[in-house]
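Chemist: Before I ask anything, let me first share the structure, which is written out below as structure tokens.
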Amino acid sequence: MSLPNCPQCQSEYVYEDGNLFICPECATEFSVDDLNEQEDVVKDVNGNTLSDGDTVTVIKDLKIKGTSNAVKVGTKVKNIRLCEGNHNIDCKIADFGAMKLKSEFVRKV
């Protein structure tokens, strides 16, 4: 059985102690349930947890593939929906239409 990497420092030297996993490098203790919860959580650039229906602000100019347009810094996006994959926010942006964004380029309002 392969042990998971540490969720805090990504160390591969994790060992098992009962039903907990312990990282000797950063002293983080975690369980399998903790890992499952972390996979489902989507966070913005500041570490705030995002959920369906939130309003976010774009923190960086984002070029739109296939056009010369870009979503500008400070653009407010209302009523987001979370989805699976690399681009984990599904939304509609005024003047651009439906698109997907990465959570690392938005900030919760």
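Identifiers in the structure tokens: chain A, B, ... in order shown; residue index from 1 per chain; ligand index from 1 in order shown.
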As a ChimeraX atom specification, please: every residue in stretch 28-75 of chain A that DSSP puts in strand (DSSP E or B).

Modeler: /A:29-30,42-43,49-50,56-58,62-63,70-71

Chemist: Output the selection as a compact mmCIF listing (two decimals), in the first residue's frame - N, CA, C and O atoms for each residue.

Modeler:
```txt
# COMPACT_ATOMS: atom_id res chain seq x y z
N GLU A 29 -0.33 15.97 11.42
CA GLU A 29 -1.06 14.72 11.60
C GLU A 29 -2.36 14.83 10.81
O GLU A 29 -3.06 15.83 10.90
N PHE A 30 -2.68 13.79 10.04
CA PHE A 30 -3.89 13.81 9.24
C PHE A 30 -4.39 12.39 9.05
O PHE A 30 -3.66 11.42 9.24
N VAL A 42 -12.66 23.97 -2.65
CA VAL A 42 -12.09 24.89 -3.63
C VAL A 42 -11.83 26.20 -2.91
O VAL A 42 -12.72 26.75 -2.27
N LYS A 43 -10.60 26.70 -3.01
CA LYS A 43 -10.22 27.94 -2.32
C LYS A 43 -9.76 28.99 -3.31
O LYS A 43 -9.21 28.66 -4.35
N THR A 49 -12.66 29.63 1.38
CA THR A 49 -13.40 28.55 0.76
C THR A 49 -14.50 29.11 -0.13
O THR A 49 -15.26 29.97 0.29
N LEU A 50 -14.56 28.62 -1.36
CA LEU A 50 -15.58 29.05 -2.32
C LEU A 50 -16.72 28.03 -2.35
O LEU A 50 -16.50 26.84 -2.14
N VAL A 56 -17.15 36.58 -6.94
CA VAL A 56 -15.69 36.68 -6.89
C VAL A 56 -15.22 37.82 -7.79
O VAL A 56 -15.96 38.29 -8.65
N THR A 57 -13.98 38.26 -7.56
CA THR A 57 -13.35 39.30 -8.36
C THR A 57 -12.10 38.72 -8.99
O THR A 57 -11.32 38.03 -8.33
N VAL A 58 -11.87 39.02 -10.26
CA VAL A 58 -10.68 38.56 -10.97
C VAL A 58 -9.49 39.39 -10.51
O VAL A 58 -9.57 40.61 -10.41
N LEU A 62 -6.85 38.16 -17.60
CA LEU A 62 -6.89 36.79 -18.13
C LEU A 62 -7.19 36.84 -19.62
O LEU A 62 -8.25 37.30 -20.04
N LYS A 63 -6.23 36.39 -20.43
CA LYS A 63 -6.44 36.35 -21.87
C LYS A 63 -7.43 35.25 -22.20
O LYS A 63 -7.42 34.19 -21.60
N ALA A 70 -9.44 40.27 -23.28
CA ALA A 70 -9.01 39.77 -21.98
C ALA A 70 -10.01 40.19 -20.92
O ALA A 70 -10.63 41.25 -21.02
N VAL A 71 -10.17 39.36 -19.90
CA VAL A 71 -10.97 39.72 -18.73
C VAL A 71 -10.05 40.54 -17.85
O VAL A 71 -8.97 40.09 -17.46
```

Chemist: Excluding same-chain residues fewer than 2 positions from A:Val73, what lies within 6 Å of it counting only C-alpha atoms, as a ChimeraX atom specification?

Modeler: /A:58-61,75

Chemist: Compare A:Ser31, A:Asn79, A:Thr55, A:Ser68 by their minimum atom-to-atom distance to A:Cys6, counting only C-alpha atoms, and give me the closest one.

Modeler: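 The answer is A:Ser31, which sits nearest to A:Cys6.
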